[in-house]
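Asks: As input, take model-v6.tsv (TSV, C-alpha atoms (C1' of nucleotides)):
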chain	number	residue	atom	x	y	z
F	289	MET	CA	-0.62	27.47	-7.02
F	290	ASN	CA	0.94	24.21	-6.10
F	291	GLU	CA	4.61	24.98	-6.12
F	292	THR	CA	5.53	21.72	-4.46
F	293	ALA	CA	3.78	19.65	-7.08
F	294	LEU	CA	4.78	16.04	-7.13
F	295	CYS	CA	6.53	14.56	-10.09
F	296	PRO	CA	4.08	12.28	-11.89
F	297	ARG	CA	6.75	9.65	-12.30
F	298	PHE	CA	7.42	9.68	-8.59
F	299	GLU	CA	3.71	9.29	-7.95
F	300	LYS	CA	3.51	6.42	-10.36
F	301	ALA	CA	6.47	4.70	-8.75
F	302	VAL	CA	4.89	5.10	-5.35
F	303	GLY	CA	1.67	3.71	-6.71
F	304	ILE	CA	3.41	0.59	-7.91
F	305	LEU	CA	5.56	0.04	-4.87
F	306	SER	CA	2.88	0.72	-2.33
F	307	LYS	CA	0.68	-2.12	-3.43
F	308	ARG	CA	0.57	-4.83	-0.88
F	309	TRP	CA	3.14	-7.63	-1.32
F	310	VAL	CA	4.95	-5.91	-4.15
F	311	SER	CA	8.06	-4.99	-2.19
F	312	LEU	CA	8.17	-8.38	-0.60
F	313	ILE	CA	7.83	-10.20	-3.88
F	314	VAL	CA	10.57	-8.15	-5.49
F	315	PHE	CA	12.73	-8.74	-2.44
F	316	GLN	CA	12.27	-12.46	-2.78
F	317	LEU	CA	13.21	-12.35	-6.44
F	318	LEU	CA	16.35	-10.31	-5.90
F	319	PRO	CA	18.64	-13.30	-5.28
F	320	GLY	CA	17.47	-15.06	-8.41
F	321	PRO	CA	14.60	-16.76	-10.23
F	322	ARG	CA	11.90	-18.43	-8.21
F	323	ARG	CA	9.01	-20.69	-8.96
F	324	PHE	CA	5.45	-19.97	-8.07
F	325	CYS	CA	5.22	-22.41	-5.22
F	326	GLY	CA	8.56	-21.27	-3.86
F	327	LEU	CA	7.37	-17.72	-3.70
F	328	GLU	CA	4.14	-18.80	-2.14
F	329	ALA	CA	6.05	-20.60	0.58
F	330	SER	CA	8.31	-17.61	1.23
F	331	LEU	CA	5.41	-15.26	1.72
F	332	PRO	CA	3.60	-17.22	4.39
F	333	ASN	CA	0.40	-15.26	4.44
F	334	ILE	CA	-0.23	-14.60	0.80
F	335	SER	CA	-2.96	-16.43	-1.01
F	336	GLY	CA	-2.36	-18.01	-4.37
F	337	ARG	CA	-4.82	-15.67	-5.90
F	338	LEU	CA	-3.02	-12.56	-4.72
F	339	LEU	CA	0.40	-13.85	-5.67
F	340	SER	CA	-0.87	-14.64	-9.12
F	341	GLU	CA	-2.46	-11.23	-9.44
F	342	ARG	CA	0.60	-9.31	-8.25
F	343	LEU	CA	2.96	-11.28	-10.48
F	344	LYS	CA	0.81	-10.52	-13.47
F	345	GLU	CA	0.74	-6.83	-12.60
F	346	LEU	CA	4.49	-6.75	-12.12
F	347	GLU	CA	4.94	-8.51	-15.40
F	348	GLN	CA	2.86	-5.85	-17.11
F	349	GLU	CA	4.93	-3.14	-15.49
F	350	GLY	CA	8.02	-4.77	-16.90
F	351	ILE	CA	9.44	-5.50	-13.48
F	352	VAL	CA	9.06	-9.26	-13.50
F	353	ARG	CA	9.71	-11.73	-16.30
F	354	ARG	CA	7.85	-15.00	-16.56
F	355	GLU	CA	9.58	-17.83	-18.35
F	356	VAL	CA	8.11	-21.16	-19.28
F	357	PHE	CA	10.45	-24.13	-19.67
F	358	PRO	CA	8.64	-26.79	-21.67
F	359	GLU	CA	10.02	-29.71	-19.77
F	360	THR	CA	7.90	-32.41	-18.27
F	361	PRO	CA	6.49	-31.35	-16.08
F	362	VAL	CA	6.53	-27.81	-17.26
F	363	ARG	CA	8.58	-25.44	-15.16
F	364	ILE	CA	7.77	-21.79	-14.82
F	365	GLU	CA	10.20	-19.31	-13.35
F	366	TYR	CA	9.78	-15.75	-12.29
F	367	SER	CA	12.71	-13.41	-12.30
F	368	LEU	CA	13.41	-9.70	-12.26
F	369	THR	CA	14.05	-7.63	-15.33
F	370	ASP	CA	16.65	-4.86	-15.30
F	371	LYS	CA	13.89	-2.53	-14.23
F	372	GLY	CA	13.07	-4.85	-11.37
F	373	ARG	CA	16.65	-5.27	-10.28
F	374	ALA	CA	17.00	-1.50	-10.29
F	375	LEU	CA	14.69	-1.53	-7.29
F	376	ALA	CA	17.35	-3.17	-5.17
F	377	PRO	CA	18.63	0.12	-3.71
F	378	VAL	CA	15.11	1.08	-2.71
F	379	LEU	CA	14.61	-2.15	-0.82
F	380	SER	CA	18.07	-1.88	0.60
F	381	GLU	CA	17.28	1.54	2.03
F	382	ILE	CA	14.04	0.25	3.49
F	383	GLY	CA	16.07	-2.52	5.10
F	384	THR	CA	18.51	-0.05	6.56
F	385	TRP	CA	15.74	2.13	7.89
F	386	SER	CA	13.89	-0.80	9.42
F	387	THR	CA	17.05	-2.02	11.10
F	388	ASN	CA	17.71	1.37	12.61
F	389	TRP	CA	14.23	2.44	13.53
F	390	ILE	CA	11.81	-0.42	13.85
F	391	GLU	CA	11.63	-2.23	17.13
F	392	PRO	CA	11.70	-6.01	16.78
F	393	GLU	CA	8.43	-6.20	18.69
C	1459	MET	CA	11.24	-24.68	6.98
C	1460	ASN	CA	11.34	-21.27	5.48
C	1461	GLU	CA	14.98	-20.56	4.93
C	1462	THR	CA	14.31	-17.33	3.11
C	1463	ALA	CA	12.18	-15.99	5.91
C	1464	LEU	CA	11.69	-12.28	5.85
C	1465	CYS	CA	12.93	-10.09	8.65
C	1466	PRO	CA	9.92	-9.04	10.70
C	1467	ARG	CA	11.25	-5.51	10.90
C	1468	PHE	CA	11.50	-5.33	7.16
C	1469	GLU	CA	7.96	-6.57	6.89
C	1470	LYS	CA	6.79	-3.98	9.35
C	1471	ALA	CA	8.59	-1.21	7.49
C	1472	VAL	CA	7.00	-2.32	4.24
C	1473	GLY	CA	3.65	-2.39	5.96
C	1474	ILE	CA	4.01	1.21	7.03
C	1475	LEU	CA	5.42	2.54	3.80
C	1476	SER	CA	3.05	0.73	1.53
C	1477	LYS	CA	-0.02	2.41	2.91
C	1478	ARG	CA	-1.50	4.77	0.46
C	1479	TRP	CA	-0.31	8.41	0.71
C	1480	VAL	CA	2.34	7.67	3.30
C	1481	SER	CA	5.33	8.09	1.02
C	1482	LEU	CA	3.84	11.18	-0.51
C	1483	ILE	CA	3.08	12.76	2.85
C	1484	VAL	CA	6.58	12.10	4.12
C	1485	PHE	CA	7.96	13.47	0.90
C	1486	GLN	CA	6.01	16.66	1.36
C	1487	LEU	CA	7.25	17.04	4.90
C	1488	LEU	CA	10.89	16.52	4.02
C	1489	PRO	CA	11.64	20.19	3.27
C	1490	GLY	CA	10.14	21.35	6.55
C	1491	PRO	CA	7.01	21.71	8.65
C	1492	ARG	CA	3.69	22.03	6.93
C	1493	ARG	CA	0.20	22.87	8.00
C	1494	PHE	CA	-2.79	20.67	7.43
C	1495	CYS	CA	-4.31	22.73	4.67
C	1496	GLY	CA	-0.94	23.09	2.96
C	1497	LEU	CA	-0.53	19.34	2.86
C	1498	GLU	CA	-4.05	18.91	1.64
C	1499	ALA	CA	-3.37	21.30	-1.22
C	1500	SER	CA	-0.16	19.53	-2.16
C	1501	LEU	CA	-1.85	16.16	-2.39
C	1502	PRO	CA	-4.60	17.13	-4.77
C	1503	ASN	CA	-6.66	13.99	-4.53
C	1504	ILE	CA	-6.58	13.22	-0.87
C	1505	SER	CA	-9.60	13.78	1.31
C	1506	GLY	CA	-9.34	15.51	4.64
C	1507	ARG	CA	-10.37	12.36	6.39
C	1508	LEU	CA	-7.62	10.29	4.89
C	1509	LEU	CA	-4.97	12.91	5.47
C	1510	SER	CA	-6.03	13.18	9.07
C	1511	GLU	CA	-6.01	9.42	9.48
C	1512	ARG	CA	-2.59	8.96	7.91
C	1513	LEU	CA	-1.08	11.79	9.93
C	1514	LYS	CA	-2.37	10.24	13.11
C	1515	GLU	CA	-0.96	6.86	12.18
C	1516	LEU	CA	2.37	8.39	11.30
C	1517	GLU	CA	2.36	10.25	14.57
C	1518	GLN	CA	1.78	6.99	16.43
C	1519	GLU	CA	4.63	5.38	14.53
C	1520	GLY	CA	6.86	8.22	15.67
C	1521	ILE	CA	7.46	9.40	12.13
C	1522	VAL	CA	5.52	12.66	12.28
C	1523	ARG	CA	5.35	15.22	15.05
C	1524	ARG	CA	2.29	17.37	15.56
C	1525	GLU	CA	2.78	20.72	17.23
C	1526	VAL	CA	0.07	23.09	18.34
C	1527	PHE	CA	0.88	26.78	18.57
C	1528	PRO	CA	-1.74	28.41	20.79
C	1529	GLU	CA	-2.01	31.58	18.82
C	1530	THR	CA	-5.23	33.02	17.62
C	1531	PRO	CA	-6.24	31.42	15.50
C	1532	VAL	CA	-4.49	28.29	16.59
C	1533	ARG	CA	-1.76	27.08	14.28
C	1534	ILE	CA	-0.90	23.43	13.92
C	1535	GLU	CA	2.21	22.22	12.23
C	1536	TYR	CA	3.28	18.79	11.13
C	1537	SER	CA	6.91	17.92	10.83
C	1538	LEU	CA	9.12	14.87	10.62
C	1539	THR	CA	10.88	13.33	13.57
C	1540	ASP	CA	14.38	11.91	13.23
C	1541	LYS	CA	12.78	8.60	12.38
C	1542	GLY	CA	10.79	10.31	9.66
C	1543	ARG	CA	13.73	12.19	8.22
C	1544	ALA	CA	15.62	8.89	8.14
C	1545	LEU	CA	13.23	7.89	5.38
C	1546	ALA	CA	14.76	10.45	3.05
C	1547	PRO	CA	17.15	7.95	1.41
C	1548	VAL	CA	14.27	5.59	0.72
C	1549	LEU	CA	12.30	8.28	-1.04
C	1550	SER	CA	15.39	9.46	-2.78
C	1551	GLU	CA	15.98	5.99	-4.20
C	1552	ILE	CA	12.39	5.78	-5.32
C	1553	GLY	CA	12.90	9.10	-7.05
C	1554	THR	CA	16.01	7.85	-8.79
C	1555	TRP	CA	14.29	4.69	-9.90
C	1556	SER	CA	11.25	6.53	-11.18
C	1557	THR	CA	13.43	8.94	-13.13
C	1558	ASN	CA	15.29	6.11	-14.76
C	1559	TRP	CA	12.53	3.64	-15.38
C	1560	ILE	CA	9.10	5.22	-15.40
C	1561	GLU	CA	7.89	6.71	-18.60
C	1562	PRO	CA	6.41	10.18	-18.18
C	1563	GLU	CA	3.23	8.95	-19.83
V	1492	DC	C1'	-9.21	26.90	10.22
V	1493	DT	C1'	-8.45	22.13	11.88
V	1494	DG	C1'	-9.88	18.13	12.49
V	1495	DC	C1'	-13.01	14.21	14.00
V	1496	DA	C1'	-17.42	11.12	13.53
V	1497	DT	C1'	-20.59	8.65	10.80
V	1498	DC	C1'	-22.32	6.51	6.98
V	1499	DC	C1'	-22.00	3.99	2.73
V	1500	DG	C1'	-20.34	2.27	-1.60
V	1501	DA	C1'	-16.05	0.62	-3.87
V	1502	DT	C1'	-11.99	-2.29	-3.72
V	1503	DA	C1'	-8.94	-5.39	-1.97
V	1504	DA	C1'	-8.02	-9.46	0.34
V	1505	DG	C1'	-8.78	-14.30	1.92
V	1506	DA	C1'	-10.56	-19.19	1.71
V	1507	DT	C1'	-11.75	-22.84	-0.84
V	1508	DA	C1'	-12.38	-25.69	-4.56
V	1509	DC	C1'	-11.44	-26.83	-9.12
V	1510	DT	C1'	-8.84	-27.13	-14.01
V	1511	DG	C1'	-4.94	-27.99	-17.52
I	1251	DC	C1'	2.80	-27.59	-10.47
I	1252	DA	C1'	0.62	-23.42	-11.69
I	1253	DG	C1'	-2.71	-21.23	-11.64
I	1254	DT	C1'	-8.23	-19.73	-12.06
I	1255	DA	C1'	-13.23	-19.12	-10.43
I	1256	DT	C1'	-16.23	-17.99	-7.11
I	1257	DC	C1'	-17.74	-16.41	-2.91
I	1258	DT	C1'	-17.34	-13.95	1.52
I	1259	DT	C1'	-15.18	-10.77	4.42
I	1260	DA	C1'	-12.39	-6.87	5.59
I	1261	DT	C1'	-10.55	-2.64	4.63
I	1262	DC	C1'	-10.37	1.63	2.21
I	1263	DG	C1'	-11.87	5.86	0.60
I	1264	DG	C1'	-15.10	9.72	-0.29
I	1265	DA	C1'	-18.92	12.90	1.15
I	1266	DT	C1'	-21.04	15.20	4.52
I	1267	DG	C1'	-21.80	17.34	8.80
I	1268	DC	C1'	-20.33	18.83	13.23
I	1269	DA	C1'	-17.06	20.56	17.07
I	1270	DG	C1'	-13.14	23.07	19.14
Reformat the file's structure so that it appears as structure tokens.
Replies:
Amino acid sequence: MNETALCPRFEKAVGILSKRWVSLIVFQLLPGPRRFCGLEASLPNISGRLLSERLKELEQEGIVRREVFPETPVRIEYSLTDKGRALAPVLSEIGTWSTNWIEPE
Amino acid sequence: MNETALCPRFEKAVGILSKRWVSLIVFQLLPGPRRFCGLEASLPNISGRLLSERLKELEQEGIVRREVFPETPVRIEYSLTDKGRALAPVLSEIGTWSTNWIEPE
DNA sequence: CTGCATCCGATAAGATACTG
DNA sequence: CAGTATCTTATCGGATGCAG
């Protein structure tokens, strides 16, 4: 009755990626590990609360890894897992599309 | 001051694509034109109001075209514009990623 | 059939202040 | 620095009813 049924995995992927800030956070992590305050500064309009929440969600999805370096002061870095880095082509295609089709205001 | 500033076009693209249902609607329109009730049936959990709202937004973004065929009863079809079809690679990459990295529950 | 308007509760987001 | 707690506001989403 629904011959064009959507693949549940596709739906799940869309659910993850379509949360606000997620694509942008992953994009910022693509070049390499970042610290919390660095990310916060790169995403000018995100609140600390949201960034914290999204990072935790992405960590649970296995997309982001959180590492604590017990120096003094302690340093905490966020980086992408293999699963997270595998999103690069998706973001790349979004970039291509936006370059071709979005007016720069 | 923000040397990793994000491209505004990229941000805009993310803003469009990360709205709920948008990717799924575009995905459903990829094979060809669909009617309202057909879309509604393909997206089992969307309400008519939301579908209507998203279609209107996508029409304003120039991603979806709405055509009225003045038959009796009137027939209305939704299809993708060139801009909309250009999203195919994005969805395709999401599909690839989900196949490789999302567990089928 | 298609689609829009209104209302209302649920969620998400934002600001601010505070802790280890 | 790296968050967390709390509160307020904004937005989203669903149900229903109506109009072309």
Asks: Report as an NGL selection string the set of chain V residues whose atoms approach chain C to within 10 Å, with distances computed over only C-alpha atoms (C1' of nucleotides).
Replies: :V and (1492-1495)
Asks: Keeping only C-alpha atoms (C1' of nucleotides), write the selected residues as a PDB file, in the coordinates of the input.
Replies:
ATOM      1  C1'  DC V1492      -9.210  26.900  10.220  1.00  0.00           C
ATOM      2  C1'  DT V1493      -8.450  22.130  11.880  1.00  0.00           C
ATOM      3  C1'  DG V1494      -9.880  18.130  12.490  1.00  0.00           C
ATOM      4  C1'  DC V1495     -13.010  14.210  14.000  1.00  0.00           C
TER       5       DC V1495
END
Asks: Residues of chain C were defined as contacting chain F if any atom lay at most 7 Å from it, counting only C-alpha atoms; please report them as a ChimeraX atom specification.
Replies: /C:1460,1462-1463,1467-1468,1471,1475-1478,1500,1541,1544-1545,1547-1548,1551-1553,1555-1557,1559-1560,1562
Asks: Over all C-alpha pairs taken in sequence order, what does chain F look like after a least-squares fit onto chain C? Please give it as a PDB file with C-alpha atoms, in the coordinates of the input.
Replies:
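After the write, part.pdb holds the following:
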ATOM      1  CA  MET F 289      11.669 -24.883   6.101  1.00  0.00           C
ATOM      2  CA  ASN F 290      11.608 -21.293   5.096  1.00  0.00           C
ATOM      3  CA  GLU F 291      15.243 -20.438   4.748  1.00  0.00           C
ATOM      4  CA  THR F 292      14.535 -17.136   3.068  1.00  0.00           C
ATOM      5  CA  ALA F 293      12.331 -15.938   5.882  1.00  0.00           C
ATOM      6  CA  LEU F 294      11.709 -12.243   5.902  1.00  0.00           C
ATOM      7  CA  CYS F 295      12.941 -10.091   8.706  1.00  0.00           C
ATOM      8  CA  PRO F 296       9.940  -9.018  10.776  1.00  0.00           C
ATOM      9  CA  ARG F 297      11.272  -5.497  10.975  1.00  0.00           C
ATOM     10  CA  PHE F 298      11.536  -5.330   7.218  1.00  0.00           C
ATOM     11  CA  GLU F 299       7.967  -6.561   6.945  1.00  0.00           C
ATOM     12  CA  LYS F 300       6.801  -3.988   9.416  1.00  0.00           C
ATOM     13  CA  ALA F 301       8.588  -1.217   7.561  1.00  0.00           C
ATOM     14  CA  VAL F 302       7.010  -2.329   4.322  1.00  0.00           C
ATOM     15  CA  GLY F 303       3.650  -2.399   6.011  1.00  0.00           C
ATOM     16  CA  ILE F 304       4.012   1.192   7.095  1.00  0.00           C
ATOM     17  CA  LEU F 305       5.427   2.526   3.873  1.00  0.00           C
ATOM     18  CA  SER F 306       3.059   0.716   1.591  1.00  0.00           C
ATOM     19  CA  LYS F 307      -0.021   2.385   2.949  1.00  0.00           C
ATOM     20  CA  ARG F 308      -1.509   4.732   0.472  1.00  0.00           C
ATOM     21  CA  TRP F 309      -0.336   8.365   0.714  1.00  0.00           C
ATOM     22  CA  VAL F 310       2.292   7.641   3.325  1.00  0.00           C
ATOM     23  CA  SER F 311       5.297   8.075   1.058  1.00  0.00           C
ATOM     24  CA  LEU F 312       3.811  11.154  -0.473  1.00  0.00           C
ATOM     25  CA  ILE F 313       3.046  12.738   2.858  1.00  0.00           C
ATOM     26  CA  VAL F 314       6.535  12.079   4.159  1.00  0.00           C
ATOM     27  CA  PHE F 315       7.942  13.453   0.926  1.00  0.00           C
ATOM     28  CA  GLN F 316       5.986  16.637   1.377  1.00  0.00           C
ATOM     29  CA  LEU F 317       7.227  17.023   4.927  1.00  0.00           C
ATOM     30  CA  LEU F 318      10.869  16.489   4.050  1.00  0.00           C
ATOM     31  CA  PRO F 319      11.608  20.151   3.268  1.00  0.00           C
ATOM     32  CA  GLY F 320      10.106  21.326   6.528  1.00  0.00           C
ATOM     33  CA  PRO F 321       6.974  21.697   8.647  1.00  0.00           C
ATOM     34  CA  ARG F 322       3.642  22.019   6.927  1.00  0.00           C
ATOM     35  CA  ARG F 323       0.153  22.863   7.993  1.00  0.00           C
ATOM     36  CA  PHE F 324      -2.834  20.684   7.437  1.00  0.00           C
ATOM     37  CA  CYS F 325      -4.345  22.728   4.668  1.00  0.00           C
ATOM     38  CA  GLY F 326      -0.982  23.075   2.972  1.00  0.00           C
ATOM     39  CA  LEU F 327      -0.568  19.352   2.862  1.00  0.00           C
ATOM     40  CA  GLU F 328      -4.083  18.927   1.640  1.00  0.00           C
ATOM     41  CA  ALA F 329      -3.382  21.299  -1.217  1.00  0.00           C
ATOM     42  CA  SER F 330      -0.142  19.531  -2.137  1.00  0.00           C
ATOM     43  CA  LEU F 331      -1.808  16.164  -2.389  1.00  0.00           C
ATOM     44  CA  PRO F 332      -4.522  17.110  -4.835  1.00  0.00           C
ATOM     45  CA  ASN F 333      -6.581  13.980  -4.613  1.00  0.00           C
ATOM     46  CA  ILE F 334      -6.523  13.203  -0.942  1.00  0.00           C
ATOM     47  CA  SER F 335      -9.585  13.751   1.156  1.00  0.00           C
ATOM     48  CA  GLY F 336      -9.394  15.517   4.471  1.00  0.00           C
ATOM     49  CA  ARG F 337     -10.475  12.393   6.187  1.00  0.00           C
ATOM     50  CA  LEU F 338      -7.649  10.309   4.782  1.00  0.00           C
ATOM     51  CA  LEU F 339      -5.023  12.946   5.422  1.00  0.00           C
ATOM     52  CA  SER F 340      -6.174  13.208   8.992  1.00  0.00           C
ATOM     53  CA  GLU F 341      -6.134   9.455   9.401  1.00  0.00           C
ATOM     54  CA  ARG F 342      -2.677   8.980   7.887  1.00  0.00           C
ATOM     55  CA  LEU F 343      -1.172  11.817   9.915  1.00  0.00           C
ATOM     56  CA  LYS F 344      -2.504  10.291  13.084  1.00  0.00           C
ATOM     57  CA  GLU F 345      -1.088   6.898  12.156  1.00  0.00           C
ATOM     58  CA  LEU F 346       2.279   8.400  11.316  1.00  0.00           C
ATOM     59  CA  GLU F 347       2.252  10.263  14.570  1.00  0.00           C
ATOM     60  CA  GLN F 348       1.665   7.015  16.422  1.00  0.00           C
ATOM     61  CA  GLU F 349       4.523   5.397  14.561  1.00  0.00           C
ATOM     62  CA  GLY F 350       6.752   8.214  15.697  1.00  0.00           C
ATOM     63  CA  ILE F 351       7.398   9.393  12.170  1.00  0.00           C
ATOM     64  CA  VAL F 352       5.466  12.639  12.296  1.00  0.00           C
ATOM     65  CA  ARG F 353       5.273  15.219  15.065  1.00  0.00           C
ATOM     66  CA  ARG F 354       2.238  17.401  15.563  1.00  0.00           C
ATOM     67  CA  GLU F 355       2.769  20.739  17.231  1.00  0.00           C
ATOM     68  CA  VAL F 356       0.124  23.157  18.359  1.00  0.00           C
ATOM     69  CA  PHE F 357       1.013  26.846  18.577  1.00  0.00           C
ATOM     70  CA  PRO F 358      -1.553  28.539  20.790  1.00  0.00           C
ATOM     71  CA  GLU F 359      -1.726  31.721  18.820  1.00  0.00           C
ATOM     72  CA  THR F 360      -4.921  33.235  17.582  1.00  0.00           C
ATOM     73  CA  PRO F 361      -5.951  31.626  15.518  1.00  0.00           C
ATOM     74  CA  VAL F 362      -4.305  28.464  16.624  1.00  0.00           C
ATOM     75  CA  ARG F 363      -1.655  27.133  14.293  1.00  0.00           C
ATOM     76  CA  ILE F 364      -0.873  23.476  13.965  1.00  0.00           C
ATOM     77  CA  GLU F 365       2.227  22.222  12.222  1.00  0.00           C
ATOM     78  CA  TYR F 366       3.254  18.793  11.142  1.00  0.00           C
ATOM     79  CA  SER F 367       6.885  17.913  10.827  1.00  0.00           C
ATOM     80  CA  LEU F 368       9.082  14.847  10.651  1.00  0.00           C
ATOM     81  CA  THR F 369      10.826  13.316  13.606  1.00  0.00           C
ATOM     82  CA  ASP F 370      14.338  11.906  13.275  1.00  0.00           C
ATOM     83  CA  LYS F 371      12.735   8.602  12.433  1.00  0.00           C
ATOM     84  CA  GLY F 372      10.743  10.288   9.709  1.00  0.00           C
ATOM     85  CA  ARG F 373      13.688  12.156   8.287  1.00  0.00           C
ATOM     86  CA  ALA F 374      15.599   8.889   8.194  1.00  0.00           C
ATOM     87  CA  LEU F 375      13.220   7.867   5.431  1.00  0.00           C
ATOM     88  CA  ALA F 376      14.721  10.427   3.095  1.00  0.00           C
ATOM     89  CA  PRO F 377      17.128   7.952   1.458  1.00  0.00           C
ATOM     90  CA  VAL F 378      14.267   5.570   0.785  1.00  0.00           C
ATOM     91  CA  LEU F 379      12.271   8.239  -0.989  1.00  0.00           C
ATOM     92  CA  SER F 380      15.368   9.423  -2.740  1.00  0.00           C
ATOM     93  CA  GLU F 381      15.967   5.957  -4.150  1.00  0.00           C
ATOM     94  CA  ILE F 382      12.363   5.720  -5.267  1.00  0.00           C
ATOM     95  CA  GLY F 383      12.867   9.049  -7.014  1.00  0.00           C
ATOM     96  CA  THR F 384      15.972   7.808  -8.747  1.00  0.00           C
ATOM     97  CA  TRP F 385      14.272   4.630  -9.844  1.00  0.00           C
ATOM     98  CA  SER F 386      11.220   6.465 -11.135  1.00  0.00           C
ATOM     99  CA  THR F 387      13.392   8.866 -13.089  1.00  0.00           C
ATOM    100  CA  ASN F 388      15.277   6.037 -14.717  1.00  0.00           C
ATOM    101  CA  TRP F 389      12.507   3.574 -15.318  1.00  0.00           C
ATOM    102  CA  ILE F 390       9.086   5.134 -15.350  1.00  0.00           C
ATOM    103  CA  GLU F 391       7.846   6.619 -18.564  1.00  0.00           C
ATOM    104  CA  PRO F 392       6.343  10.081 -18.152  1.00  0.00           C
ATOM    105  CA  GLU F 393       3.134   8.824 -19.735  1.00  0.00           C
TER     106      GLU F 393
END
Asks: At a cut-off of 12 Å, which residues of chain I touch chain C? Count only C-alpha atoms (C1' of nucleotides) and give the answer as a PyMOL selection string.
Replies: chain I and resi 1261-1266+1270
Asks: Rounded to one decimal, what separation in Å do you get between CA of Pro319 in chain F and CA of Arg342 in chain F?
Replies: 18.7 Å
Asks: Quick check, in Å to one decimal: how far apart do CA of Gln348 in chain F and CA of Glu365 in chain F lie?
Replies: 15.8 Å
Asks: Output range 304-317 of chain F as a short mmCIF file (atom, residue, chain, number, x, y, z; two decimals), in the coordinates of the input, making sure N, CA and C atoms are there.
Replies:
data_model
loop_
_atom_site.label_atom_id
_atom_site.label_comp_id
_atom_site.auth_asym_id
_atom_site.auth_seq_id
_atom_site.Cartn_x
_atom_site.Cartn_y
_atom_site.Cartn_z
N ILE F 304 3.03 1.98 -7.66
CA ILE F 304 3.41 0.59 -7.91
C ILE F 304 3.93 -0.06 -6.63
N LEU F 305 4.86 0.64 -6.00
CA LEU F 305 5.56 0.04 -4.87
C LEU F 305 4.69 -0.08 -3.63
N SER F 306 3.65 0.74 -3.56
CA SER F 306 2.88 0.72 -2.33
C SER F 306 1.74 -0.29 -2.38
N LYS F 307 1.68 -1.06 -3.44
CA LYS F 307 0.68 -2.12 -3.43
C LYS F 307 1.15 -3.25 -2.52
N ARG F 308 0.21 -3.80 -1.84
CA ARG F 308 0.57 -4.83 -0.88
C ARG F 308 1.31 -5.99 -1.57
N TRP F 309 2.32 -6.49 -0.90
CA TRP F 309 3.14 -7.63 -1.32
C TRP F 309 4.20 -7.29 -2.35
N VAL F 310 4.04 -6.18 -3.04
CA VAL F 310 4.95 -5.91 -4.15
C VAL F 310 6.41 -5.86 -3.69
N SER F 311 6.68 -5.09 -2.66
CA SER F 311 8.06 -4.99 -2.19
C SER F 311 8.59 -6.34 -1.76
N LEU F 312 7.74 -7.09 -1.09
CA LEU F 312 8.17 -8.38 -0.60
C LEU F 312 8.44 -9.36 -1.73
N ILE F 313 7.60 -9.32 -2.74
CA ILE F 313 7.83 -10.20 -3.88
C ILE F 313 9.13 -9.85 -4.59
N VAL F 314 9.33 -8.57 -4.83
CA VAL F 314 10.57 -8.15 -5.49
C VAL F 314 11.77 -8.55 -4.64
N PHE F 315 11.63 -8.36 -3.35
CA PHE F 315 12.73 -8.74 -2.44
C PHE F 315 13.07 -10.21 -2.57
N GLN F 316 12.04 -11.02 -2.67
CA GLN F 316 12.27 -12.46 -2.78
C GLN F 316 12.89 -12.85 -4.12
N LEU F 317 12.66 -12.02 -5.12
CA LEU F 317 13.21 -12.35 -6.44
C LEU F 317 14.62 -11.81 -6.63
#
